[in-house]
Amino acid sequence: MIKKILAAMLLLVSLPSLSMTVVVTLKYGDDGLSSAVKRSGKNAYEMDSLVVKGFFQDEDFATLRDYIDNGRLRGIDLSGVENLTVIPSGAFAPRKVNSAGSAGRKTSENTMTTKLEYITLPPYVREISDRAFMMTSLRSIDLPKLTHIGSEAFSGCRDLKTVTFHQVDVPYVADGHAFDNIPADAMLNVPADMADKFRNSADFSNFSSIKEDGSLFVIRKFNLDASAQPLETLLGDDMLKVDSIKITGYLPHSDIRALRLGACYGRLSGVDLSGCKIENDILPDGSFISVDEPPYSSSASYIMNVAYNLRYFRFPEGLKSTGGNTFMKARFLSIDFPTSLDRIEANAFSDGEIGGDLVIPEGVTWLGPQAFDGNAVGGNVYLPSTLEHVDNCALGVINNDNLKSGKKFYYNRMTPPVQKTRGSSYYPLANSNYSSFKMLEKSNWTLYVPVGAKAAFAADENWGMFPNIIETPELNGQSTGIEGVRTETTDNGSATRIYTLDGRRIATGAGISSLPHGMYIVNGKKVVK
């Protein structure tokens, strides 16, 4: 009997592994995932798991589907992919689901579920589109910090047991049906103090169990002085594992590297420098753009890494300049500029997103070329009387819906600004994909100016392109007087801040009740107190 057992054990040891993992690195300009797998020498239809690094092309999604549908592929690791920010519509859903009517969808769940069980997404993914993982065999998924989740993105995932979020804001869900038809006992894991926020959102009502985990969002605080060790040393092995950092004291430019690495390669989404002084009162150019910083990136890398993770940023006390190319492609839920600010430099916020209003405070005199070009500003734009220079494309903000909704510009100035750098000769471009300022004429955007200023703006070759220019007594062309008010949510979503039109904070917490009598704009509505 013992001899038979030993013989069986020897036979098991001699058998080839029943699972096979293939690792491929894709380079920019390569001929795609399929060719890379072939070069590995492995049979693509016999691998159980696939690790992909480098540059991912759109057609590679179809290749993955082929390996899943016609092979044994069950697990995919895309964490090393450097250029993927959106999971496209129907990326892993059954191929016929788009033609199946809602009446046949229940049957489809039993017969058409794809075999994908596990996937690790790149940290840079911000959007999961409609039906991206619908009717897959996903068992669990750990999500990066998302801004949008599409309709039915995870609907019909009948094996889904756990979904994990690492963010202190609830992502926007297209229609509340992202998690329809999942198991009744599926668990939603969220950071500490976030359970109620997710629970109170109808988008996550299909989760009967929501669990808080303090390790899902890590906050660190540092008080730096002349004797302090470099921030990179203080963070140590946790540099890429911290979600929020607050710094007080004095911040030398050399310590920006640790913040940049955390935001570009790690989980850092919130930076609070409001209690510190920064060297020379400026943010250096390219503070949050990483190029050739071994071991995180090298000169062989095809891509410039930007701070996709940044959602909140509190500027240092006394800051005068943002620096150029500082926050390119960063997606902020809101932004709060210090009243000490004088210049917003070239490309500082280009191709990014600001979820609320864009309020440039009184005292700012200069917007550099492309400062906000291509930035999807969610609210209105408020400009101060001191803004004398608006350079080429500096206010090329866009609407995500391509002009379908109106946007309001409030410019508290009697005369248009001066453009220093000659170029395309436009300021608030309606859509950065078009080179002609004429696109603005087709919008329903409105420019509000002080009483007596309309003629000067209407005569300007650029600002005169606004289809609507309206004079309002709420603007007086000076840094004092009755001013509009905007509200903003802090990084933990628990407090409300109120700002004047020129960007100065005039109340916290108590709201309009703490303000003197007069006219205000609260949450976009006129209020008389």
# chains A, B, ... in the order shown; residues from 1 in each chain; ligands from 1
call {"tool": "residues_around", "arguments": {"residues": "Gly71 in chain A", "least_positions_apart": "5", "cutoff": "10 Å", "atoms": "only C-alpha atoms", "output": "VMD selection string"}}
result
chain A and resid 43 to 48 64 to 66 115
call {"tool": "write_last_selection", "arguments": {"atoms": "N, CA and C atoms", "output": "compact mmCIF listing (two decimals), in the first residue's frame"}}
result
# COMPACT_ATOMS: atom_id res chain seq x y z
N ASN A 43 1.78 28.66 -25.97
CA ASN A 43 0.51 28.54 -26.67
C ASN A 43 -0.51 29.47 -25.99
N ALA A 44 -0.96 30.48 -26.73
CA ALA A 44 -1.85 31.49 -26.16
C ALA A 44 -3.14 30.89 -25.61
N TYR A 45 -3.59 29.77 -26.17
CA TYR A 45 -4.88 29.21 -25.78
C TYR A 45 -4.75 28.19 -24.66
N GLU A 46 -3.53 27.99 -24.17
CA GLU A 46 -3.33 27.08 -23.04
C GLU A 46 -2.96 27.83 -21.76
N MET A 47 -2.70 29.13 -21.85
CA MET A 47 -2.33 29.88 -20.65
C MET A 47 -3.58 30.18 -19.81
N ASP A 48 -3.37 30.12 -18.50
CA ASP A 48 -4.46 30.41 -17.55
C ASP A 48 -4.43 31.85 -17.08
N LEU A 64 -7.43 39.86 -25.96
CA LEU A 64 -7.74 39.28 -24.65
C LEU A 64 -9.05 38.50 -24.71
N ARG A 65 -10.04 39.07 -25.36
CA ARG A 65 -11.34 38.39 -25.46
C ARG A 65 -11.20 37.06 -26.20
N ASP A 66 -10.35 37.04 -27.23
CA ASP A 66 -10.13 35.82 -27.98
C ASP A 66 -9.53 34.74 -27.08
N LYS A 115 -15.55 33.86 -19.19
CA LYS A 115 -14.83 33.07 -18.20
C LYS A 115 -13.81 33.86 -17.39
call {"tool": "residues_around", "arguments": {"residues": "Phe61 in chain A", "least_positions_apart": "5", "cutoff": "12 Å", "atoms": "only C-alpha atoms", "output": "PyMOL selection string"}}
result
chain A and resi 32-34+52+56+66-68+76+78+84+86-93+132
call {"tool": "write_last_selection", "arguments": {"atoms": "N, CA and C atoms", "output": "PDB file, in the first residue's frame"}}
result
ATOM      1  N   GLY A  32       1.530  44.641 -31.349  1.00  0.00           N
ATOM      2  CA  GLY A  32       0.394  44.252 -30.541  1.00  0.00           C
ATOM      3  C   GLY A  32       0.605  43.047 -29.650  1.00  0.00           C
ATOM      4  N   LEU A  33      -0.411  42.788 -28.821  1.00  0.00           N
ATOM      5  CA  LEU A  33      -0.350  41.745 -27.805  1.00  0.00           C
ATOM      6  C   LEU A  33      -0.223  40.349 -28.414  1.00  0.00           C
ATOM      7  N   SER A  34      -0.954  40.070 -29.472  1.00  0.00           N
ATOM      8  CA  SER A  34      -0.936  38.741 -30.065  1.00  0.00           C
ATOM      9  C   SER A  34       0.475  38.345 -30.492  1.00  0.00           C
ATOM     10  N   VAL A  52       0.590  41.623 -18.402  1.00  0.00           N
ATOM     11  CA  VAL A  52       0.920  42.535 -19.493  1.00  0.00           C
ATOM     12  C   VAL A  52       1.524  43.813 -18.920  1.00  0.00           C
ATOM     13  N   PHE A  56      -0.283  49.497 -24.137  1.00  0.00           N
ATOM     14  CA  PHE A  56      -1.452  48.689 -24.484  1.00  0.00           C
ATOM     15  C   PHE A  56      -2.249  49.396 -25.575  1.00  0.00           C
ATOM     16  N   ASP A  66     -10.350  37.045 -27.226  1.00  0.00           N
ATOM     17  CA  ASP A  66     -10.125  35.820 -27.980  1.00  0.00           C
ATOM     18  C   ASP A  66      -9.527  34.740 -27.080  1.00  0.00           C
ATOM     19  N   TYR A  67      -8.542  35.121 -26.249  1.00  0.00           N
ATOM     20  CA  TYR A  67      -7.904  34.156 -25.346  1.00  0.00           C
ATOM     21  C   TYR A  67      -8.879  33.651 -24.285  1.00  0.00           C
ATOM     22  N   ILE A  68      -9.792  34.520 -23.856  1.00  0.00           N
ATOM     23  CA  ILE A  68     -10.786  34.133 -22.851  1.00  0.00           C
ATOM     24  C   ILE A  68     -11.838  33.213 -23.466  1.00  0.00           C
ATOM     25  N   ILE A  76      -6.030  38.101 -15.545  1.00  0.00           N
ATOM     26  CA  ILE A  76      -5.251  39.082 -16.302  1.00  0.00           C
ATOM     27  C   ILE A  76      -4.689  40.119 -15.333  1.00  0.00           C
ATOM     28  N   LEU A  78      -2.955  43.680 -15.497  1.00  0.00           N
ATOM     29  CA  LEU A  78      -2.612  44.848 -16.309  1.00  0.00           C
ATOM     30  C   LEU A  78      -1.961  45.942 -15.473  1.00  0.00           C
ATOM     31  N   LEU A  84      -3.060  53.166 -19.972  1.00  0.00           N
ATOM     32  CA  LEU A  84      -4.491  52.867 -20.002  1.00  0.00           C
ATOM     33  C   LEU A  84      -5.218  53.626 -18.897  1.00  0.00           C
ATOM     34  N   VAL A  86      -8.841  54.360 -19.421  1.00  0.00           N
ATOM     35  CA  VAL A  86     -10.267  54.053 -19.588  1.00  0.00           C
ATOM     36  C   VAL A  86     -10.422  52.599 -20.029  1.00  0.00           C
ATOM     37  N   ILE A  87     -11.301  51.858 -19.342  1.00  0.00           N
ATOM     38  CA  ILE A  87     -11.690  50.527 -19.816  1.00  0.00           C
ATOM     39  C   ILE A  87     -12.891  50.741 -20.726  1.00  0.00           C
ATOM     40  N   PRO A  88     -12.780  50.414 -22.016  1.00  0.00           N
ATOM     41  CA  PRO A  88     -13.836  50.782 -22.974  1.00  0.00           C
ATOM     42  C   PRO A  88     -15.127  49.984 -22.807  1.00  0.00           C
ATOM     43  N   SER A  89     -16.162  50.453 -23.457  1.00  0.00           N
ATOM     44  CA  SER A  89     -17.478  49.818 -23.385  1.00  0.00           C
ATOM     45  C   SER A  89     -17.404  48.365 -23.859  1.00  0.00           C
ATOM     46  N   GLY A  90     -18.030  47.477 -23.085  1.00  0.00           N
ATOM     47  CA  GLY A  90     -18.125  46.077 -23.463  1.00  0.00           C
ATOM     48  C   GLY A  90     -16.803  45.357 -23.595  1.00  0.00           C
ATOM     49  N   ALA A  91     -15.759  45.852 -22.935  1.00  0.00           N
ATOM     50  CA  ALA A  91     -14.418  45.295 -23.118  1.00  0.00           C
ATOM     51  C   ALA A  91     -14.363  43.794 -22.856  1.00  0.00           C
ATOM     52  N   PHE A  92     -15.032  43.327 -21.801  1.00  0.00           N
ATOM     53  CA  PHE A  92     -14.966  41.907 -21.437  1.00  0.00           C
ATOM     54  C   PHE A  92     -16.338  41.248 -21.394  1.00  0.00           C
ATOM     55  N   ALA A  93     -17.395  41.975 -21.765  1.00  0.00           N
ATOM     56  CA  ALA A  93     -18.757  41.426 -21.743  1.00  0.00           C
ATOM     57  C   ALA A  93     -18.945  40.434 -22.883  1.00  0.00           C
ATOM     58  N   ALA A 132     -18.546  47.224 -19.299  1.00  0.00           N
ATOM     59  CA  ALA A 132     -17.154  46.792 -19.473  1.00  0.00           C
ATOM     60  C   ALA A 132     -16.923  45.373 -18.959  1.00  0.00           C
TER      61      ALA A 132
END
call {"tool": "residues_around", "arguments": {"residues": "Phe349 in chain A", "least_positions_apart": "6", "cutoff": "12 Å", "atoms": "only C-alpha atoms", "output": "compact mmCIF listing (two decimals) with all heavy atoms, in the first residue's frame"}}
result
# COMPACT_ATOMS: atom_id res chain seq x y z
N GLY A 286 7.03 71.50 -13.77
CA GLY A 286 6.93 70.04 -13.88
C GLY A 286 6.94 69.31 -12.55
O GLY A 286 7.38 68.16 -12.47
N SER A 287 6.40 69.95 -11.51
CA SER A 287 6.44 69.34 -10.18
C SER A 287 5.80 67.96 -10.14
O SER A 287 6.24 67.08 -9.40
CB SER A 287 5.72 70.25 -9.17
OG SER A 287 6.48 71.41 -8.91
N PHE A 288 4.73 67.77 -10.93
CA PHE A 288 4.02 66.49 -10.88
C PHE A 288 4.01 65.79 -12.23
O PHE A 288 3.03 65.15 -12.61
CB PHE A 288 2.61 66.71 -10.34
CG PHE A 288 2.60 67.02 -8.87
CD1 PHE A 288 2.68 68.32 -8.41
CD2 PHE A 288 2.59 66.00 -7.93
CE1 PHE A 288 2.72 68.61 -7.06
CE2 PHE A 288 2.62 66.27 -6.58
CZ PHE A 288 2.69 67.58 -6.13
N ILE A 289 5.14 65.90 -12.93
CA ILE A 289 5.38 65.13 -14.15
C ILE A 289 6.68 64.37 -13.97
O ILE A 289 7.70 64.95 -13.61
CB ILE A 289 5.47 66.05 -15.38
CG1 ILE A 289 4.13 66.73 -15.63
CG2 ILE A 289 5.90 65.26 -16.61
CD1 ILE A 289 4.16 67.70 -16.78
N VAL A 306 2.21 61.24 -15.55
CA VAL A 306 1.60 62.40 -14.92
C VAL A 306 0.81 61.95 -13.70
O VAL A 306 0.59 60.76 -13.48
CB VAL A 306 0.69 63.16 -15.90
CG1 VAL A 306 1.50 63.70 -17.07
CG2 VAL A 306 -0.43 62.25 -16.42
N ALA A 307 0.36 62.92 -12.92
CA ALA A 307 -0.29 62.62 -11.64
C ALA A 307 -1.77 62.31 -11.84
O ALA A 307 -2.64 63.09 -11.44
CB ALA A 307 -0.09 63.78 -10.67
N LEU A 310 -4.04 62.45 -8.54
CA LEU A 310 -4.35 63.65 -7.75
C LEU A 310 -5.81 64.05 -7.88
O LEU A 310 -6.32 64.24 -8.97
CB LEU A 310 -3.45 64.81 -8.16
CG LEU A 310 -2.08 64.88 -7.51
CD1 LEU A 310 -1.35 66.16 -7.94
CD2 LEU A 310 -2.18 64.85 -5.99
N THR A 322 2.51 78.90 -9.76
CA THR A 322 2.24 77.46 -9.80
C THR A 322 3.35 76.68 -10.49
O THR A 322 3.42 75.46 -10.36
CB THR A 322 0.95 77.18 -10.58
OG1 THR A 322 1.11 77.63 -11.94
CG2 THR A 322 -0.24 77.88 -9.95
N GLY A 323 4.21 77.36 -11.25
CA GLY A 323 5.16 76.64 -12.07
C GLY A 323 4.49 76.14 -13.34
O GLY A 323 3.27 75.99 -13.40
N GLY A 324 5.28 75.90 -14.39
CA GLY A 324 4.74 75.44 -15.66
C GLY A 324 4.62 73.93 -15.72
O GLY A 324 5.39 73.21 -15.10
N ASN A 325 3.64 73.44 -16.49
CA ASN A 325 3.43 71.99 -16.70
C ASN A 325 3.25 71.23 -15.39
O ASN A 325 3.59 70.06 -15.29
CB ASN A 325 4.62 71.39 -17.46
CG ASN A 325 4.90 72.09 -18.75
OD1 ASN A 325 4.02 72.24 -19.59
ND2 ASN A 325 6.13 72.56 -18.93
N THR A 326 2.70 71.90 -14.40
CA THR A 326 2.69 71.33 -13.05
C THR A 326 1.67 70.22 -12.87
O THR A 326 1.98 69.15 -12.35
CB THR A 326 2.42 72.44 -12.02
OG1 THR A 326 3.26 73.55 -12.30
CG2 THR A 326 2.70 71.95 -10.62
N PHE A 327 0.42 70.46 -13.27
CA PHE A 327 -0.66 69.51 -13.01
C PHE A 327 -1.31 69.02 -14.30
O PHE A 327 -2.52 68.80 -14.35
CB PHE A 327 -1.72 70.15 -12.12
CG PHE A 327 -1.21 70.60 -10.78
CD1 PHE A 327 -1.03 71.95 -10.51
CD2 PHE A 327 -0.92 69.68 -9.79
CE1 PHE A 327 -0.56 72.36 -9.26
CE2 PHE A 327 -0.46 70.09 -8.55
CZ PHE A 327 -0.28 71.43 -8.29
N MET A 328 -0.54 68.84 -15.34
CA MET A 328 -1.09 68.37 -16.61
C MET A 328 -1.84 67.06 -16.43
O MET A 328 -1.36 66.13 -15.79
CB MET A 328 0.03 68.18 -17.63
CG MET A 328 0.68 69.48 -18.10
SD MET A 328 2.06 69.16 -19.24
CE MET A 328 1.19 68.38 -20.59
N LYS A 329 -3.07 66.99 -16.93
CA LYS A 329 -3.92 65.80 -16.95
C LYS A 329 -4.43 65.38 -15.58
O LYS A 329 -5.08 64.34 -15.46
CB LYS A 329 -3.21 64.63 -17.63
CG LYS A 329 -2.89 64.89 -19.09
CD LYS A 329 -2.37 63.65 -19.79
CE LYS A 329 -2.11 63.94 -21.27
NZ LYS A 329 -1.63 62.75 -21.99
N ALA A 330 -4.15 66.15 -14.54
CA ALA A 330 -4.68 65.83 -13.21
C ALA A 330 -6.17 66.12 -13.17
O ALA A 330 -6.64 67.12 -13.73
CB ALA A 330 -3.95 66.61 -12.14
N ARG A 331 -6.93 65.25 -12.50
CA ARG A 331 -8.37 65.39 -12.42
C ARG A 331 -8.78 65.76 -10.99
O ARG A 331 -8.91 64.90 -10.13
CB ARG A 331 -9.06 64.10 -12.86
CG ARG A 331 -8.76 63.72 -14.30
CD ARG A 331 -9.55 62.51 -14.72
NE ARG A 331 -9.32 62.18 -16.12
CZ ARG A 331 -9.97 61.23 -16.79
NH1 ARG A 331 -10.89 60.51 -16.17
NH2 ARG A 331 -9.71 60.99 -18.04
N PHE A 332 -8.97 67.04 -10.76
CA PHE A 332 -9.31 67.53 -9.43
C PHE A 332 -10.82 67.58 -9.25
O PHE A 332 -11.56 68.00 -10.15
CB PHE A 332 -8.74 68.93 -9.21
CG PHE A 332 -7.23 68.98 -9.17
CD1 PHE A 332 -6.50 69.41 -10.27
CD2 PHE A 332 -6.54 68.58 -8.04
CE1 PHE A 332 -5.12 69.45 -10.23
CE2 PHE A 332 -5.16 68.62 -7.99
CZ PHE A 332 -4.45 69.05 -9.09
N ILE A 335 -10.61 72.87 -6.85
CA ILE A 335 -9.30 73.50 -6.69
C ILE A 335 -9.48 74.82 -5.94
O ILE A 335 -10.45 75.54 -6.17
CB ILE A 335 -8.61 73.73 -8.06
CG1 ILE A 335 -7.10 73.88 -7.91
CG2 ILE A 335 -9.23 74.88 -8.83
CD1 ILE A 335 -6.38 72.59 -7.62
N LEU A 358 -14.09 77.11 -11.57
CA LEU A 358 -12.71 77.59 -11.67
C LEU A 358 -12.71 79.04 -11.21
O LEU A 358 -13.25 79.91 -11.90
CB LEU A 358 -12.20 77.48 -13.10
CG LEU A 358 -10.85 78.14 -13.38
CD1 LEU A 358 -9.76 77.60 -12.49
CD2 LEU A 358 -10.48 77.99 -14.86
N LEU A 367 -2.00 84.57 -16.73
CA LEU A 367 -2.26 83.17 -17.08
C LEU A 367 -1.37 82.85 -18.27
O LEU A 367 -1.50 83.45 -19.34
CB LEU A 367 -3.72 82.93 -17.45
CG LEU A 367 -4.78 83.18 -16.38
CD1 LEU A 367 -6.16 82.77 -16.89
CD2 LEU A 367 -4.45 82.44 -15.10
N GLY A 368 -0.45 81.90 -18.09
CA GLY A 368 0.50 81.55 -19.14
C GLY A 368 -0.14 80.80 -20.28
O GLY A 368 -1.30 80.34 -20.20
N PRO A 369 0.59 80.62 -21.40
CA PRO A 369 0.05 79.90 -22.55
C PRO A 369 -0.46 78.51 -22.17
O PRO A 369 0.19 77.78 -21.43
CB PRO A 369 1.26 79.80 -23.49
CG PRO A 369 2.15 80.92 -23.10
CD PRO A 369 1.97 81.08 -21.62
N GLN A 370 -1.65 78.18 -22.67
CA GLN A 370 -2.28 76.87 -22.45
C GLN A 370 -2.46 76.51 -20.96
O GLN A 370 -2.54 75.34 -20.61
CB GLN A 370 -1.50 75.74 -23.14
CG GLN A 370 -1.51 75.78 -24.65
CD GLN A 370 -0.42 76.66 -25.24
OE1 GLN A 370 0.71 76.64 -24.77
NE2 GLN A 370 -0.73 77.39 -26.28
N ALA A 371 -2.54 77.51 -20.11
CA ALA A 371 -2.63 77.24 -18.67
C ALA A 371 -3.78 76.29 -18.34
O ALA A 371 -3.61 75.37 -17.53
CB ALA A 371 -2.77 78.55 -17.89
N PHE A 372 -4.96 76.50 -18.94
CA PHE A 372 -6.12 75.64 -18.70
C PHE A 372 -6.63 75.04 -20.01
O PHE A 372 -7.79 74.62 -20.09
CB PHE A 372 -7.24 76.43 -18.02
CG PHE A 372 -6.92 76.85 -16.62
CD1 PHE A 372 -6.37 78.09 -16.35
CD2 PHE A 372 -7.16 75.99 -15.55
CE1 PHE A 372 -6.07 78.49 -15.06
CE2 PHE A 372 -6.86 76.37 -14.25
CZ PHE A 372 -6.30 77.63 -14.00
N ASP A 373 -5.80 74.98 -21.01
CA ASP A 373 -6.24 74.49 -22.32
C ASP A 373 -6.66 73.03 -22.24
O ASP A 373 -5.93 72.17 -21.74
CB ASP A 373 -5.10 74.64 -23.33
CG ASP A 373 -5.58 74.44 -24.75
OD1 ASP A 373 -6.67 74.92 -25.07
OD2 ASP A 373 -4.86 73.80 -25.54
N GLY A 374 -7.86 72.74 -22.70
CA GLY A 374 -8.37 71.38 -22.68
C GLY A 374 -8.83 70.90 -21.33
O GLY A 374 -9.14 69.71 -21.17
N ASN A 375 -8.91 71.78 -20.34
CA ASN A 375 -9.37 71.37 -19.01
C ASN A 375 -10.90 71.34 -18.97
O ASN A 375 -11.56 72.33 -19.33
CB ASN A 375 -8.84 72.33 -17.94
CG ASN A 375 -9.03 71.80 -16.53
OD1 ASN A 375 -10.15 71.68 -16.04
ND2 ASN A 375 -7.94 71.46 -15.88
N ALA A 376 -11.45 70.22 -18.56
CA ALA A 376 -12.90 70.06 -18.49
C ALA A 376 -13.41 70.63 -17.17
O ALA A 376 -13.52 69.92 -16.16
CB ALA A 376 -13.28 68.59 -18.62
N VAL A 377 -13.70 71.91 -17.16
CA VAL A 377 -14.20 72.58 -15.95
C VAL A 377 -15.68 72.27 -15.81
O VAL A 377 -16.48 72.54 -16.71
CB VAL A 377 -13.96 74.11 -16.04
CG1 VAL A 377 -14.60 74.82 -14.86
CG2 VAL A 377 -12.47 74.40 -16.11
N CYS A 393 -4.33 80.59 -25.66
CA CYS A 393 -5.05 79.36 -25.26
C CYS A 393 -5.11 79.16 -23.74
O CYS A 393 -5.46 78.07 -23.28
CB CYS A 393 -4.40 78.11 -25.88
SG CYS A 393 -4.10 78.21 -27.64
N ALA A 394 -4.80 80.18 -22.97
CA ALA A 394 -4.73 80.01 -21.51
C ALA A 394 -6.06 79.61 -20.91
O ALA A 394 -6.11 78.91 -19.90
CB ALA A 394 -4.22 81.30 -20.86
N LEU A 395 -7.16 80.07 -21.50
CA LEU A 395 -8.49 79.74 -20.97
C LEU A 395 -9.26 78.85 -21.94
O LEU A 395 -10.47 78.98 -22.11
CB LEU A 395 -9.28 81.01 -20.67
CG LEU A 395 -8.91 81.70 -19.35
CD1 LEU A 395 -9.58 83.06 -19.25
CD2 LEU A 395 -9.28 80.83 -18.17
N GLY A 396 -8.55 77.90 -22.55
CA GLY A 396 -9.19 76.99 -23.48
C GLY A 396 -9.94 75.88 -22.79
O GLY A 396 -9.78 74.71 -23.12
N VAL A 397 -10.78 76.23 -21.80
CA VAL A 397 -11.52 75.22 -21.07
C VAL A 397 -12.57 74.60 -21.98
O VAL A 397 -13.00 75.19 -22.97
CB VAL A 397 -12.18 75.81 -19.80
CG1 VAL A 397 -11.13 76.42 -18.89
CG2 VAL A 397 -13.24 76.84 -20.17
call {"tool": "closest_residue", "arguments": {"among": "A:Pro183, A:Pro338, A:Pro230, A:Gly176", "to": "Ser209 in chain A", "atoms": "only C-alpha atoms"}}
result
A:Pro183
call {"tool": "atom_distance", "arguments": {"atom1": "CA of Glu388 in chain A", "atom2": "CA of Ala455 in chain A"}}
result
17.7 Å
call {"tool": "atom_distance", "arguments": {"atom1": "CA of Gly352 in chain A", "atom2": "CA of Leu387 in chain A"}}
result
21.9 Å
call {"tool": "residues_around", "arguments": {"residues": "Asp130 in chain A", "least_positions_apart": "3", "cutoff": "6 Å", "atoms": "only C-alpha atoms", "output": "NGL selection string"}}
result
:A and (89 or 150-153)
call {"tool": "residues_around", "arguments": {"residues": "range 464-473 of chain A", "least_positions_apart": "4", "cutoff": "7 Å", "atoms": "only C-alpha atoms", "output": "list in words"}}
result
Lys438, Leu440, Glu441, Asn444, Trp445, Thr446, Leu447, Tyr448, Val449, Pro450, Val451, Lys454, Phe457, Ala458, Ala459 and Asp460 of chain A
call {"tool": "atom_distance", "arguments": {"atom1": "CA of Ser334 in chain A", "atom2": "CA of Asn380 in chain A"}}
result
12.1 Å
call {"tool": "residues_around", "arguments": {"residues": "Pro122 in chain A", "least_positions_apart": "4", "cutoff": "9 Å", "atoms": "only C-alpha atoms", "output": "ChimeraX atom specification"}}
result
/A:77-85,144
call {"tool": "closest_residue", "arguments": {"among": "A:Phe313, A:Ile182, A:Asp281, A:Tyr308", "to": "Asp342 in chain A", "atoms": "only C-alpha atoms"}}
result
A:Asp281
call {"tool": "select_by_dssp", "arguments": {"residues": "range 45-151 of chain A", "states": "strand (DSSP E or B)", "output": "list in words"}}
result
Ser49, Leu50, Val51, Val52, Lys53, Gly54, Gly75, Ile76, Asp77, Leu78, Ser79, Gly80, Val81, Val86, Ile87, Tyr118, Ile119, Thr120, Glu127, Ile128, Ser140, Ile141, Asp142, His148 and Ile149 of chain A
call {"tool": "write_last_selection", "arguments": {"atoms": "C-alpha atoms", "output": "compact mmCIF listing (two decimals), in the first residue's frame"}}
result
# COMPACT_ATOMS: atom_id res chain seq x y z
CA SER A 49 -3.10 33.83 -16.58
CA LEU A 50 -1.45 36.68 -18.47
CA VAL A 51 0.70 39.54 -17.15
CA VAL A 52 0.92 42.54 -19.49
CA LYS A 53 3.33 45.48 -19.08
CA GLY A 54 4.10 48.55 -21.15
CA GLY A 75 -6.76 35.86 -14.88
CA ILE A 76 -5.25 39.08 -16.30
CA ASP A 77 -2.74 41.43 -14.63
CA LEU A 78 -2.61 44.85 -16.31
CA SER A 79 -1.03 46.66 -13.36
CA GLY A 80 2.16 47.23 -15.36
CA VAL A 81 0.39 48.88 -18.30
CA VAL A 86 -10.27 54.05 -19.59
CA ILE A 87 -11.69 50.53 -19.82
CA TYR A 118 -9.68 37.90 -11.95
CA ILE A 119 -8.21 41.12 -13.29
CA THR A 120 -5.79 43.67 -11.86
CA GLU A 127 -13.17 55.42 -16.00
CA ILE A 128 -14.90 52.07 -16.48
CA SER A 140 -13.49 40.01 -6.85
CA ILE A 141 -12.04 43.27 -8.06
CA ASP A 142 -9.83 45.89 -6.44
CA HIS A 148 -16.79 57.47 -13.57
CA ILE A 149 -18.45 54.05 -13.75
